[in-house]
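*Asks:* Just entry-v8.cif, nothing more (mmCIF, C-alpha atoms):
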data_query
loop_
_atom_site.label_atom_id
_atom_site.label_comp_id
_atom_site.auth_asym_id
_atom_site.auth_seq_id
_atom_site.Cartn_x
_atom_site.Cartn_y
_atom_site.Cartn_z
CA VAL A 1 -55.44 4.03 -59.24
CA SER A 2 -58.32 1.61 -59.53
CA GLN A 3 -61.92 2.71 -59.10
CA THR A 4 -61.03 6.39 -59.61
CA VAL A 5 -63.32 6.81 -62.62
CA ASP A 6 -66.84 5.48 -62.39
CA GLU A 7 -67.10 3.56 -65.64
CA ARG A 8 -70.86 4.04 -65.71
CA ALA A 9 -70.22 7.73 -66.42
CA LEU A 10 -68.04 7.03 -69.47
CA ASN A 11 -69.30 7.22 -73.02
CA LYS A 12 -68.45 3.79 -74.41
CA LYS A 13 -70.00 3.95 -77.86
CA ALA A 14 -68.08 2.36 -80.74
CA ASN A 15 -67.56 5.71 -82.51
CA PRO A 16 -67.90 8.45 -79.90
CA SER A 17 -68.28 12.01 -81.08
CA VAL A 18 -65.63 14.61 -80.32
CA TYR A 19 -67.89 15.97 -77.58
CA GLN A 20 -68.21 12.54 -75.97
CA LYS A 21 -64.44 12.06 -76.13
CA ILE A 22 -63.90 15.43 -74.45
CA GLU A 23 -66.49 14.53 -71.80
CA ASN A 24 -64.61 11.29 -71.07
CA LEU A 25 -61.27 13.11 -70.93
CA ASN A 26 -62.71 15.70 -68.53
CA LEU A 27 -63.73 12.79 -66.27
CA VAL A 28 -60.14 11.54 -66.43
CA ILE A 29 -58.72 14.98 -65.59
CA ASN A 30 -61.10 15.37 -62.64
CA ALA A 31 -60.18 11.87 -61.44
CA GLY A 32 -56.51 12.84 -61.62
CA LYS A 33 -57.17 15.91 -59.50
CA SER A 34 -59.08 13.79 -56.98
CA ILE A 35 -56.08 11.51 -56.39
CA GLY A 36 -53.67 14.42 -56.00
CA CYS A 37 -52.34 15.18 -59.48
CA GLN A 38 -51.34 18.80 -60.05
CA ILE A 39 -53.20 19.59 -63.25
CA VAL A 40 -51.96 22.90 -64.63
CA ASN A 41 -52.36 24.06 -68.22
CA ILE A 42 -53.71 20.74 -69.48
CA GLY A 43 -57.21 20.14 -70.68
CA ALA A 44 -59.20 17.51 -72.47
CA GLN A 45 -58.36 19.08 -75.83
CA ASP A 46 -54.61 18.69 -75.13
CA ILE A 47 -55.05 14.99 -74.46
CA LEU A 48 -57.32 14.58 -77.48
CA GLU A 49 -54.66 16.23 -79.66
CA GLY A 50 -52.04 13.88 -78.20
CA ARG A 51 -49.61 16.46 -76.80
CA PRO A 52 -46.88 14.13 -75.54
CA ILE A 53 -45.20 16.35 -72.92
CA LEU A 54 -48.49 17.13 -71.18
CA ILE A 55 -49.74 13.55 -71.38
CA LEU A 56 -46.44 12.12 -70.09
CA GLY A 57 -46.44 14.62 -67.23
CA LEU A 58 -49.92 13.53 -66.22
CA LEU A 59 -49.06 9.84 -66.55
CA TRP A 60 -45.91 10.28 -64.45
CA GLN A 61 -47.93 11.88 -61.66
CA ILE A 62 -50.46 9.03 -61.70
CA ILE A 63 -47.69 6.41 -61.59
CA LYS A 64 -45.86 8.25 -58.78
CA ILE A 65 -49.03 8.58 -56.68
CA GLN A 66 -49.81 4.88 -57.10
CA LEU A 67 -46.28 3.73 -56.27
CA LEU A 68 -45.87 6.01 -53.26
CA SER A 69 -49.25 4.94 -51.88
CA GLN A 70 -47.81 1.45 -51.43
CA ILE A 71 -45.01 2.61 -49.11
CA SER A 72 -46.18 1.89 -45.60
CA LEU A 73 -45.18 -0.12 -42.56
CA LYS A 74 -48.34 -2.16 -42.94
CA GLU A 75 -47.43 -3.18 -46.50
CA HIS A 76 -43.70 -3.52 -45.80
CA PRO A 77 -42.90 -4.22 -42.13
CA GLU A 78 -39.19 -4.51 -43.01
CA LEU A 79 -39.15 -0.69 -43.26
CA VAL A 80 -38.64 -0.71 -39.48
CA LEU A 81 -34.94 -1.20 -40.32
CA LEU A 82 -34.88 2.39 -41.54
CA LEU A 83 -35.48 3.86 -38.08
CA GLU A 84 -32.68 6.18 -37.07
CA GLU A 85 -31.00 5.81 -33.68
CA GLY A 86 -33.35 6.98 -30.95
CA GLU A 87 -36.22 7.61 -33.36
CA GLU A 88 -39.70 6.57 -32.27
CA LEU A 89 -41.80 4.41 -34.56
CA SER A 90 -44.68 6.90 -34.29
CA SER A 91 -42.55 9.73 -35.71
CA PHE A 92 -41.24 7.47 -38.48
CA MET A 93 -44.79 6.59 -39.50
CA LYS A 94 -45.60 10.30 -39.90
CA LEU A 95 -42.92 10.72 -42.57
CA PRO A 96 -44.14 11.29 -46.12
CA PRO A 97 -43.56 8.36 -48.50
CA GLU A 98 -40.93 10.35 -50.41
CA ASP A 99 -38.81 10.66 -47.25
CA ILE A 100 -39.17 6.96 -46.47
CA LEU A 101 -38.11 6.11 -50.02
CA LEU A 102 -35.07 8.38 -49.69
CA ARG A 103 -34.13 6.68 -46.43
CA TRP A 104 -34.51 3.29 -48.09
CA VAL A 105 -32.15 4.30 -50.90
CA ASN A 106 -29.59 5.70 -48.46
CA TYR A 107 -29.86 2.60 -46.26
CA HIS A 108 -29.06 0.34 -49.20
CA LEU A 109 -26.24 2.58 -50.43
CA LYS A 110 -24.68 2.50 -46.98
CA LYS A 111 -25.15 -1.26 -46.78
CA ALA A 112 -23.52 -1.75 -50.22
CA ASN A 113 -20.45 0.24 -49.18
CA SER A 114 -19.94 -1.71 -45.96
#
Spell out the structure here as structure tokens.
*Replies:*
Amino acid sequence: VSQTVDERALNKKANPSVYQKIENLNLVINAGKSIGCQIVNIGAQDILEGRPILILGLLWQIIKIQLLSQISLKEHPELVLLLEEGEELSSFMKLPPEDILLRWVNYHLKKANS
């Protein structure tokens, strides 16, 4: 997600010390929390050590948050096709992005089987 970390706060020296690296990674972790990532049992040291499972889990959350943030009627007016019979647009717009995505998948599966 762009503009999540204020680059002015980052240590950008050519050869940062371990402490500066950890400071930068703490900024990244806090930025992740601010956009909705569930950060449990992962710290700057884990990222610095390159622990793949923890890093991939964090990256997946960031990617998911970014992708789901783009699911909206404003961005994709064709989503109106996903309204169920008798459903009001206002109630559809209150659905979480995950539910809209699930409806989209089911809509296309149904359409492919027709």
*Asks:* Find, counting only C-alpha atoms, the residue in A:Leu27, A:Val1, A:Leu82, A:Ile100 that gets nearest to Ile63 (chain A).
*Replies:*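 So, comparing all the options, the nearest one is A:Val1.
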*Asks:* So how many Å separate CA of Leu101 (chain A) and CA of Glu75 (chain A), to one decimal?
*Replies:*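 Computing it gives 13.6 Å between the two atoms.
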*Asks:* If you measure from CA of Gln66 (chain A) to CA of Ala112 (chain A), what distance in Å do you get, rounded to one decimal?
*Replies:*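 That distance, rounded to one decimal, is 28.0 Å.
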*Asks:* Translate the PyMOL selection byres ((chain A and resi 36) around 12), as applied to the file shown, into an explicit residue set as a list in words.
*Replies:*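 What the PyMOL selection byres ((chain A and resi 36) around 12) grabs from the file is Val1, Thr4, Ile29, Asn30, Ala31, Gly32, Lys33, Ser34, Ile35, Cys37, Gln38, Ile39, Leu58, Gln61, Ile62, Ile63, Lys64, Ile65, Gln66, Leu68 and Ser69 of chain A.
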*Asks:* Please provide as a list in words all residues within 12 Å of Glu84 (chain A), with the sequence filter that same-chain residues fewer than 3 positions apart are discarded (counting only C-alpha atoms).
*Replies:*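 Once the nearby chain positions are removed, what remains is Leu79, Val80, Leu81, Glu87, Glu88, Leu89, Ser91, Phe92, Ile100, Arg103, Trp104, Asn106 and Tyr107 of chain A.
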*Asks:* Just to confirm, what's the straight-line distance from CA of Ser17 (chain A) to CA of Gly50 (chain A) in Å (one decimal)?
*Replies:*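 Between these atoms lies a distance of 16.6 Å.
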*Asks:* Using all atoms listed in the file, which residue out of A:Ile53, A:Lys13, A:Pro97, A:Val5 lies closest to Leu67 (chain A)?
*Replies:*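 Nearest candidate to Leu67 (chain A) out of A:Ile53, A:Lys13, A:Pro97, A:Val5: A:Pro97.
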*Asks:* Would you please work out which residue, of A:Lys94, A:Val28, A:Leu73, A:Lys21, is nearest to Ile55 (chain A) when using all atoms listed in the file?
*Replies:*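 That would be A:Val28, the residue with the smallest distance to Ile55 (chain A).
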*Asks:* Using all atoms of region 87-104 of chain A listed in the file and a margin of 5 Å per side, can you give the axis-aligned box centre and edge lengths in Å to one decimal, as JSON?
*Replies:*
{"center_x": -39.9, "center_y": 7.3, "center_z": -41.3, "size_x": 21.5, "size_y": 18.0, "size_z": 28.1}
*Asks:* Smallest atom-to-atom distance to Ser72 (chain A): which of A:Leu10, A:Leu25, A:Val40, A:Leu95, using only C-alpha atoms?
*Replies:*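 Distance minimum relative to Ser72 (chain A) lands on A:Leu95.
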*Asks:* Might you spell out which residues the PyMOL selection byres ((chain A and resi 44) around 7) would select in the displayed file, as a list in words?
*Replies:*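 Applied to this file, the PyMOL selection byres ((chain A and resi 44) around 7) returns Ile22, Leu25, Asn26, Gly43, Gln45, Asp46, Ile47 and Leu48 of chain A.
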